[in-house]
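Novice: Data: structure-v9.txt, compact mmCIF, C-alpha atoms and all ligand atoms.
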# COMPACT_ATOMS: atom_id res chain seq x y z
CA MET A 1 24.50 10.96 4.21
CA PRO A 2 28.08 11.25 2.92
CA SER A 3 29.32 8.00 1.41
CA SER A 4 32.19 7.82 3.92
CA VAL A 5 29.60 7.68 6.70
CA ALA A 6 27.63 5.04 4.79
CA ARG A 7 30.77 2.93 4.56
CA GLU A 8 31.41 3.40 8.27
CA ARG A 9 27.90 2.24 9.01
CA GLU A 10 28.13 -0.96 7.02
CA PRO A 11 30.00 -3.22 9.45
CA VAL A 12 27.87 -1.95 12.33
CA PHE A 13 24.73 -2.90 10.50
CA TRP A 14 25.87 -6.42 9.77
CA LEU A 15 27.04 -6.79 13.38
CA MET A 16 23.68 -5.59 14.59
CA MET A 17 21.93 -8.14 12.45
CA THR A 18 24.19 -11.02 13.50
CA GLY A 19 22.10 -13.95 14.49
CA SER A 20 19.05 -12.83 12.61
CA LEU A 21 20.42 -11.98 9.18
CA ARG A 22 19.68 -14.54 6.53
CA THR A 23 20.12 -13.65 2.91
CA GLU A 24 18.97 -16.91 1.34
CA VAL A 25 15.40 -17.70 0.47
CA ARG A 26 14.19 -21.26 0.74
CA THR A 27 13.10 -21.24 -2.89
CA HIS A 28 15.09 -19.93 -5.84
CA CYS A 29 14.40 -16.24 -5.60
CA HIS A 30 16.41 -13.09 -5.67
CA LEU A 31 16.05 -9.52 -4.54
CA GLU A 32 15.80 -6.46 -6.79
CA MET A 33 15.18 -2.80 -6.14
CA LEU A 34 11.62 -1.82 -7.03
CA ALA A 35 11.40 -0.50 -10.59
CA ARG A 36 8.62 0.75 -12.84
CA ARG A 37 8.43 -2.62 -14.66
CA HIS A 38 7.47 -4.38 -11.38
CA ILE A 39 4.55 -2.15 -10.45
CA ASP A 40 1.71 -4.10 -12.12
CA GLU A 41 2.84 -7.37 -10.54
CA VAL A 42 3.27 -5.72 -7.14
CA VAL A 43 -0.29 -4.39 -7.38
CA ARG A 44 -1.54 -7.90 -8.23
CA ILE A 45 0.22 -9.32 -5.16
CA HIS A 46 -1.15 -6.56 -2.96
CA LEU A 47 -4.69 -7.38 -4.11
CA GLN A 48 -4.12 -11.10 -3.40
CA SER A 49 -2.51 -10.54 0.00
CA PHE A 50 -4.89 -7.89 1.29
CA PRO A 51 -8.21 -8.93 -0.30
CA SER A 52 -10.51 -7.10 2.11
CA PHE A 53 -8.36 -4.10 3.01
CA PHE A 54 -9.28 -0.51 2.24
CA LEU A 55 -6.44 0.17 -0.22
CA SER A 56 -7.54 -2.90 -2.20
CA PHE A 57 -11.09 -1.57 -2.28
CA LEU A 58 -9.69 1.62 -3.85
CA GLY A 59 -8.56 -0.55 -6.76
CA SER A 60 -5.53 -1.30 -8.88
CA ARG A 61 -5.24 2.18 -10.37
CA PHE A 62 -4.94 3.68 -6.92
CA LEU A 63 -2.45 1.00 -5.85
CA ARG A 64 -0.37 1.68 -8.95
CA GLU A 65 -0.11 5.34 -7.87
CA PHE A 66 0.69 4.29 -4.31
CA TYR A 67 3.56 1.93 -5.23
CA SER A 68 4.88 4.23 -7.96
CA SER A 69 5.14 7.08 -5.45
CA PHE A 70 8.08 5.28 -3.84
CA LEU A 71 9.92 5.34 -7.16
CA VAL A 72 9.34 9.05 -7.64
CA ASP A 73 10.04 10.30 -4.12
CA PRO A 74 13.72 10.81 -3.29
CA THR A 75 13.28 9.15 0.10
CA GLY A 76 11.27 6.18 -1.18
CA VAL A 77 12.76 2.72 -0.69
CA GLY A 78 11.29 -0.35 -2.37
CA TYR A 79 12.39 -3.91 -3.06
CA VAL A 80 10.87 -6.91 -4.77
CA VAL A 81 11.65 -10.62 -4.59
CA ILE A 82 11.67 -12.35 -7.99
CA ASP A 83 11.33 -16.08 -8.54
CA ASP A 84 13.10 -18.34 -11.04
CA ASP A 85 10.53 -17.60 -13.72
CA GLY A 86 11.12 -13.87 -13.37
CA LYS A 87 7.83 -13.33 -11.58
CA VAL A 88 7.55 -10.91 -8.67
CA VAL A 89 6.53 -12.82 -5.52
CA GLY A 90 6.77 -10.08 -2.91
CA ALA A 91 7.41 -6.40 -2.34
CA VAL A 92 8.18 -3.91 0.40
CA VAL A 93 7.97 -0.11 0.27
CA GLY A 94 8.36 2.82 2.62
CA PRO A 95 9.90 6.30 2.88
CA VAL A 96 13.08 7.02 4.82
CA ASP A 97 11.63 10.46 5.65
CA PRO A 98 7.87 9.93 6.16
CA ARG A 99 7.07 13.58 6.89
CA GLY A 100 8.78 14.85 3.72
CA TYR A 101 7.30 12.01 1.68
CA PHE A 102 3.71 12.80 2.71
CA GLN A 103 4.23 16.54 2.21
CA ARG A 104 5.55 15.99 -1.31
CA LEU A 105 2.73 13.55 -2.07
CA LEU A 106 0.16 16.10 -0.97
CA LYS A 107 1.81 18.87 -2.97
CA HIS A 108 2.60 17.08 -6.24
CA ARG A 109 0.46 13.97 -6.57
CA TRP A 110 -2.85 14.72 -4.83
CA TRP A 111 -4.64 15.04 -8.15
CA ALA A 112 -3.30 11.69 -9.42
CA PHE A 113 -4.59 9.94 -6.30
CA CYS A 114 -7.94 11.72 -6.63
CA VAL A 115 -8.30 10.57 -10.23
CA ALA A 116 -7.23 7.04 -9.27
CA SER A 117 -9.86 6.81 -6.53
CA ILE A 118 -12.85 8.29 -8.44
CA GLY A 119 -14.29 4.83 -9.20
CA ALA A 120 -14.20 3.78 -5.55
CA VAL A 121 -15.70 7.10 -4.39
CA LEU A 122 -18.55 6.78 -6.89
CA ARG A 123 -19.20 3.25 -5.68
CA ARG A 124 -19.20 4.35 -2.03
CA PRO A 125 -19.11 8.15 -1.41
CA THR A 126 -18.92 7.68 2.37
CA ILE A 127 -15.30 6.58 2.04
CA ILE A 128 -14.00 10.12 1.42
CA PRO A 129 -12.75 10.84 4.98
CA ARG A 130 -11.20 7.39 5.17
CA LEU A 131 -9.59 7.97 1.78
CA TRP A 132 -7.97 11.17 2.97
CA GLN A 133 -6.61 9.36 5.98
CA ALA A 134 -5.33 6.43 3.94
CA LEU A 135 -3.46 8.81 1.71
CA PHE A 136 -1.92 11.26 4.09
CA TYR A 137 -1.98 9.66 7.50
CA ARG A 138 1.38 8.14 8.32
CA GLY A 139 0.23 6.53 11.55
CA GLU A 140 1.15 8.20 14.79
CA SER A 141 4.90 8.38 14.42
CA PRO A 142 6.88 7.31 17.47
CA GLY A 143 9.05 9.73 19.40
CA GLY A 144 12.54 10.44 18.18
CA ALA A 145 13.47 11.97 14.86
CA GLY A 146 14.67 10.27 11.76
CA ARG A 147 12.69 7.04 11.70
CA ALA A 148 11.85 5.49 8.35
CA LEU A 149 8.31 4.13 7.85
CA LEU A 150 7.79 0.63 6.50
CA SER A 151 4.54 1.41 4.67
CA SER A 152 3.62 -1.90 3.08
CA ILE A 153 4.91 -5.43 2.65
CA ALA A 154 3.20 -8.28 0.84
CA VAL A 155 4.27 -11.71 -0.33
CA ALA A 156 2.09 -13.67 -2.77
CA PRO A 157 0.05 -16.26 -0.82
CA ALA A 158 1.67 -19.17 -2.71
CA ALA A 159 5.17 -17.93 -1.82
CA GLN A 160 4.59 -17.15 1.85
CA GLY A 161 6.66 -18.98 4.45
CA CYS A 162 9.68 -19.38 2.14
CA GLY A 163 11.79 -16.53 3.50
CA ALA A 164 10.81 -13.82 1.00
CA GLY A 165 9.26 -11.61 3.68
CA ARG A 166 12.35 -11.81 5.87
CA LEU A 167 14.57 -10.95 2.92
CA LEU A 168 12.42 -7.94 1.99
CA VAL A 169 12.33 -6.52 5.51
CA GLN A 170 16.07 -6.92 5.97
CA ALA A 171 16.89 -5.32 2.62
CA TRP A 172 14.55 -2.43 3.32
CA LEU A 173 16.03 -1.89 6.80
CA ALA A 174 19.57 -2.03 5.45
CA GLU A 175 18.78 0.61 2.82
CA ALA A 176 16.97 2.86 5.32
CA TRP A 177 19.96 2.58 7.62
CA ARG A 178 22.39 3.23 4.75
CA ARG A 179 20.45 6.41 3.91
CA GLY A 180 20.86 7.70 7.44
CA ALA A 181 17.63 6.75 9.27
CA SER A 182 17.98 6.38 13.02
CA GLY A 183 15.52 3.49 13.03
CA ALA A 184 12.21 2.44 11.56
CA TYR A 185 8.56 2.00 12.50
CA LEU A 186 5.43 0.35 11.15
CA THR A 187 1.86 -0.27 12.20
CA THR A 188 -0.14 -3.44 11.86
CA ASP A 189 -3.45 -4.78 13.14
CA THR A 190 -3.44 -6.10 16.68
CA GLU A 191 -6.42 -8.38 16.29
CA ALA A 192 -6.76 -11.47 14.08
CA ASN A 193 -3.21 -10.85 12.90
CA GLU A 194 -1.06 -13.04 15.12
CA ALA A 195 1.10 -14.44 12.32
CA VAL A 196 2.12 -11.00 11.09
CA ASN A 197 2.83 -9.79 14.64
CA ARG A 198 4.99 -12.88 15.21
CA PHE A 199 6.73 -12.25 11.89
CA TYR A 200 7.86 -8.75 12.97
CA CYS A 201 8.84 -9.85 16.49
CA GLY A 202 10.91 -12.66 14.96
CA LEU A 203 12.75 -10.11 12.83
CA GLY A 204 13.77 -8.01 15.82
CA TRP A 205 11.04 -5.36 15.81
CA ALA A 206 9.88 -4.25 19.27
CA LEU A 207 6.23 -3.54 20.10
CA GLU A 208 6.31 0.13 21.12
CA THR A 209 2.62 0.84 21.68
CA SER A 210 -0.95 -0.10 20.79
CA TYR A 211 -3.76 2.29 19.97
CA VAL A 212 -7.24 2.37 18.49
CA THR A 213 -7.94 4.26 15.26
CA ARG A 214 -10.93 6.52 14.72
CA GLU A 215 -12.66 3.62 12.97
CA GLY A 216 -12.14 1.47 16.08
CA ARG A 217 -9.33 -0.60 14.60
CA ARG A 218 -6.80 -1.74 17.23
CA MET A 219 -3.25 -1.27 15.94
CA ASN A 220 0.23 -2.24 17.12
CA ARG A 221 3.16 0.03 16.40
CA TYR A 222 6.56 -1.61 16.12
CA ILE A 223 9.93 0.08 16.08
CA PHE A 224 13.34 -1.06 14.99
CA ASP A 225 16.34 0.85 16.33
CA PHE A 226 19.58 1.09 14.43
CA PRO A 227 22.75 1.22 16.49
CA PRO A 228 24.34 4.67 16.91
CA LEU A 229 27.09 5.63 14.53
CA PRO A 230 30.58 4.69 15.65
CA LYS A 231 32.22 7.67 17.36
CA ASN A 232 34.88 8.14 14.65
CA SER A 233 32.39 8.19 11.77
CA GLY A 234 31.94 11.97 11.81
C1 LIG A 301 3.67 -11.15 6.59
C2 LIG A 301 4.39 -11.63 5.33
C3 LIG A 301 4.96 -10.43 4.59
C4 LIG A 301 5.53 -12.57 5.73
O1 LIG A 301 6.23 -12.96 4.56
P1 LIG A 301 6.71 -14.48 4.37
O2 LIG A 301 7.51 -14.56 3.14
O3 LIG A 301 5.54 -15.36 4.48
O4 LIG A 301 7.61 -14.66 5.67
P2 LIG A 301 8.98 -15.48 5.76
O5 LIG A 301 8.81 -16.80 5.09
O6 LIG A 301 10.11 -14.63 5.30
O7 LIG A 301 9.08 -15.68 7.30
C5 LIG A 301 10.02 -14.97 8.09
C6 LIG A 301 9.91 -15.45 9.48
O8 LIG A 301 8.61 -15.16 10.01
C7 LIG A 301 7.98 -16.34 10.46
N1 LIG A 301 6.59 -16.36 10.00
C8 LIG A 301 6.14 -16.02 8.81
N2 LIG A 301 4.82 -16.25 8.72
C9 LIG A 301 4.48 -16.79 9.91
C10 LIG A 301 3.29 -17.29 10.45
N3 LIG A 301 2.15 -17.31 9.73
N4 LIG A 301 3.30 -17.75 11.69
C11 LIG A 301 4.44 -17.78 12.40
N5 LIG A 301 5.61 -17.35 11.96
C12 LIG A 301 5.62 -16.85 10.73
C13 LIG A 301 8.69 -17.48 9.76
O9 LIG A 301 8.67 -18.63 10.58
C14 LIG A 301 10.06 -16.96 9.53
O10 LIG A 301 10.91 -17.24 10.62
P3 LIG A 301 12.27 -18.09 10.32
O11 LIG A 301 12.94 -17.41 9.16
O12 LIG A 301 12.97 -17.98 11.61
O13 LIG A 301 11.78 -19.44 9.97
C15 LIG A 301 3.42 -12.43 4.41
O14 LIG A 301 2.90 -13.49 5.12
C16 LIG A 301 2.27 -11.59 3.83
O15 LIG A 301 2.44 -10.96 2.79
N6 LIG A 301 1.11 -11.62 4.48
C17 LIG A 301 -0.07 -10.93 3.94
C18 LIG A 301 0.09 -9.44 3.89
C19 LIG A 301 0.38 -8.85 5.26
O16 LIG A 301 -0.31 -9.15 6.23
N7 LIG A 301 1.41 -7.99 5.32
C20 LIG A 301 1.82 -7.30 6.52
C21 LIG A 301 0.95 -6.12 6.78
S1 LIG A 301 1.58 -5.14 8.13
Using structure tokens, write down the structure that the file contains.

Specialist:
Amino acid sequence: MPSSVAREREPVFWLMMTGSLRTEVRTHCHLEMLARRHIDEVVRIHLQSFPSFFLSFLGSRFLREFYSSFLVDPTGVGYVVIDDDGKVVGAVVGPVDPRGYFQRLLKHRWWAFCVASIGAVLRRPTIIPRLWQALFYRGESPGGAGRALLSSIAVAPAAQGCGAGRLLVQAWLAEAWRRGASGAYLTTDTEANEAVNRFYCGLGWALETSYVTREGRRMNRYIFDFPPLPKNSG
């Protein structure tokens, strides 16, 4: 997106967020763009926040590849929240262009993900189809072109409820919008996941649909629409 358009978009974004935008965190934390030096801590938080999830089962090496892919891909967007001691307490990642991101991942990094998941496959060979899906399935994307995908967000258990999650989502949305996305989407479990569903609803995401995965997992898909560009923005 040309920078003149990005500038045009800025006031619209803040207007859109009026009423829900809060930039402070209720502890002393600040936001930074995801960088290579954060990856190990982000992986640790992921493992703490999603103890029994499939990506955690694949292990820290796999997760390192996963989070690093958002640094390498030109459409990757990632942020971390850092506390007073300089420790990462939360992270969000996702591509502005999910289709391009997954195509590039498949083309350039498939081998790195294979190597990173060898341990998990040896422990449980039946995971191979699920592994493929975890890697290259971007969730059914909603209708309408140009939506960014919020792939993962996690806040360390001890730091949850302090505003870090809100800050991460809003920063990620603002950057996706700045880079020209028309909106965003994400998927999350429907069942036994009320707090997370309430979290997204409270941040202005709208439940678009629910569906059941091949493994029988009931999922909710949320969308967030950005306002159209002002007419004079070109
Ligand atoms: C979901 C998650 C990212 C939220 O981050 P967080 O830092 O705890 O959330 P925040 O403190 O920024 O809360 C933001 C808003 O959501 C609400 N919220 C957060 N957790 C909530 C809960 N358990 N129940 C109800 N509301 C909740 C807060 O009340 C807050 O609203 P407010 O700002 O109007 O007070 C975090 O809890 C987490 O990492 N969970 C485990 C991993 C996970 O499930 N990730 C999402 C997968 S799709």

Novice: For the interface of chain A with ligand LIG 301 (chain A) (cut-off 7 Å, counting all atoms listed in the file), please tabulate each contacting residue of chain A alongside its nearest pair of atoms and their separation in Å to one decimal, rows sorted by chain and increasing number, as a tab-separated table.

Specialist:
residue	atom	partner	partner_atom	distance
A:Ser49	CA	A:LIG301	C17	4.7
A:Phe50	CA	A:LIG301	C18	5.8
A:Ser152	CA	A:LIG301	C21	6.2
A:Ile153	CA	A:LIG301	N7	5.1
A:Ala154	CA	A:LIG301	O15	3.4
A:Val155	CA	A:LIG301	O15	3.7
A:Ala156	CA	A:LIG301	O15	6.2
A:Pro157	CA	A:LIG301	O15	6.8
A:Ala159	CA	A:LIG301	O2	6.4
A:Gln160	CA	A:LIG301	O3	3.3
A:Gly161	CA	A:LIG301	O5	3.1
A:Cys162	CA	A:LIG301	O5	4.0
A:Gly163	CA	A:LIG301	O6	3.1
A:Ala164	CA	A:LIG301	O2	4.0
A:Gly165	CA	A:LIG301	O1	3.4
A:Arg166	CA	A:LIG301	O6	3.6
A:Leu167	CA	A:LIG301	O6	6.3
A:Thr187	CA	A:LIG301	S1	6.4
A:Thr188	CA	A:LIG301	S1	4.4
A:Ala195	CA	A:LIG301	N3	4.0
A:Val196	CA	A:LIG301	C1	4.8
A:Arg198	CA	A:LIG301	N5	5.6
A:Phe199	CA	A:LIG301	O8	3.9
A:Gly202	CA	A:LIG301	O8	6.0
A:Leu203	CA	A:LIG301	C6	6.9

Novice: So that I can check the surroundings of Gly119 (chain A), please list as a list of chain:residue names every protein, DNA and RNA residue that reaches within 10 Å of it, counting all atoms listed in the file and ignoring chain neighbours fewer than 5 positions away.

Specialist: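 So the residues in contact are A:Phe57, A:Leu58, A:Gly59, A:Arg61, A:Phe62, A:Cys114, A:Arg124, A:Pro125.
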
Novice: Report, in Å to a single decimal, how far apart CA of Ser182 (chain A) and CA of Arg147 (chain A) are.

Specialist: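 CA of Arg147 (chain A) sits 5.5 Å away from CA of Ser182 (chain A).
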
Novice: Would you mind telling me which residue in A:Leu106, A:Ala35, A:Val77, A:Val121 lies nearest to Trp177 (chain A) when using only C-alpha atoms?

Specialist: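 Closest to Trp177 (chain A) of all the choices is A:Val77.
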
Novice: Nearest residue to Arg104 (chain A) out of A:Gln133, A:Asn193, A:Thr75, A:Thr209, using only C-alpha atoms?

Specialist: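 Ranking A:Gln133, A:Asn193, A:Thr75, A:Thr209 by distance to Arg104 (chain A), first place goes to A:Thr75.
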
Novice: Provide the CA of Gly180 (chain A) to CA of Leu150 (chain A) distance in Å, to one decimal place.

Specialist: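 These atoms are spaced 14.9 Å apart.
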
Novice: Point out the residue among A:Val72, A:Ala176, A:Ala134, A:Leu31 with the least atom-to-atom distance to Asp97 (chain A), counting all atoms listed in the file.

Specialist: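 Result for the nearest residue to Asp97 (chain A): A:Ala176.
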
Novice: For Thr213 (chain A), which residue out of A:Thr190, A:Leu173, A:Gly86, A:Asp73 is the nearest one, using all atoms listed in the file?

Specialist: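 Among the listed residues, A:Thr190 lies closest to Thr213 (chain A).
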
Novice: CA of Ser151 (chain A) to CA of Ile128 (chain A): how many Å, to one decimal?

Specialist: 20.7 Å

Novice: Measuring atom to atom with all atoms listed in the file, identify which of A:Phe226, A:Leu55, A:Ala206, A:Pro142 is nearest to Ala174 (chain A).

Specialist: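 Under the stated criterion, the closest residue is A:Phe226.
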
Novice: Write out as a PyMOL selection string which residues come within 10 Å of Tyr67 (chain A) when counting all atoms listed in the file, dropping same-chain ones fewer than 5 positions away.

Specialist: chain A and resi 34-36+38-40+42-43+46+62+72+76+78+91-94+151-152

Novice: Nearest residue to Val169 (chain A) out of A:Tyr101, A:Tyr79, A:Arg221, A:Leu63, using all atoms listed in the file?

Specialist: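 Closest candidate: A:Tyr79.
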
Novice: Limit the output to N, CA and C atoms and give region 154-173 of chain A as a short mmCIF file (atom, residue, chain, number, x, y, z; two decimals), in the first residue's frame.

Specialist:
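File result06.cif, as written:
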data_model
loop_
_atom_site.label_atom_id
_atom_site.label_comp_id
_atom_site.auth_asym_id
_atom_site.auth_seq_id
_atom_site.Cartn_x
_atom_site.Cartn_y
_atom_site.Cartn_z
N ALA A 154 -1.02 -15.63 22.56
CA ALA A 154 -0.88 -16.26 23.88
C ALA A 154 -0.27 -15.27 24.84
N VAL A 155 -0.84 -15.24 26.04
CA VAL A 155 -0.29 -14.42 27.13
C VAL A 155 0.09 -15.40 28.25
N ALA A 156 1.23 -15.18 28.86
CA ALA A 156 1.68 -16.07 29.94
C ALA A 156 0.61 -16.15 31.02
N PRO A 157 0.32 -17.34 31.55
CA PRO A 157 -0.76 -17.47 32.53
C PRO A 157 -0.69 -16.43 33.65
N ALA A 158 0.51 -16.15 34.17
CA ALA A 158 0.63 -15.21 35.29
C ALA A 158 0.31 -13.78 34.88
N ALA A 159 0.34 -13.48 33.60
CA ALA A 159 0.12 -12.10 33.14
C ALA A 159 -1.27 -11.92 32.52
N GLN A 160 -2.07 -12.97 32.51
CA GLN A 160 -3.39 -12.86 31.87
C GLN A 160 -4.30 -11.96 32.69
N GLY A 161 -5.22 -11.30 32.00
CA GLY A 161 -6.19 -10.44 32.68
C GLY A 161 -5.66 -9.05 32.98
N CYS A 162 -4.47 -8.71 32.49
CA CYS A 162 -3.88 -7.39 32.78
C CYS A 162 -3.91 -6.47 31.57
N GLY A 163 -4.52 -6.88 30.50
CA GLY A 163 -4.63 -6.01 29.33
C GLY A 163 -3.63 -6.31 28.23
N ALA A 164 -2.74 -7.28 28.44
CA ALA A 164 -1.73 -7.57 27.41
C ALA A 164 -2.39 -8.13 26.15
N GLY A 165 -3.37 -9.01 26.31
CA GLY A 165 -4.03 -9.61 25.16
C GLY A 165 -4.73 -8.56 24.31
N ARG A 166 -5.42 -7.65 24.99
CA ARG A 166 -6.10 -6.56 24.26
C ARG A 166 -5.09 -5.74 23.46
N LEU A 167 -4.00 -5.41 24.12
CA LEU A 167 -2.97 -4.59 23.46
C LEU A 167 -2.41 -5.30 22.22
N LEU A 168 -2.16 -6.59 22.36
CA LEU A 168 -1.60 -7.37 21.24
C LEU A 168 -2.57 -7.42 20.07
N VAL A 169 -3.84 -7.70 20.36
CA VAL A 169 -4.82 -7.80 19.27
C VAL A 169 -4.95 -6.46 18.56
N GLN A 170 -5.01 -5.39 19.34
CA GLN A 170 -5.20 -4.07 18.71
C GLN A 170 -3.98 -3.66 17.88
N ALA A 171 -2.80 -3.98 18.38
CA ALA A 171 -1.59 -3.63 17.60
C ALA A 171 -1.55 -4.43 16.31
N TRP A 172 -1.89 -5.71 16.42
CA TRP A 172 -1.86 -6.58 15.24
C TRP A 172 -2.89 -6.11 14.21
N LEU A 173 -4.09 -5.78 14.68
CA LEU A 173 -5.13 -5.28 13.76
C LEU A 173 -4.68 -3.98 13.09
#
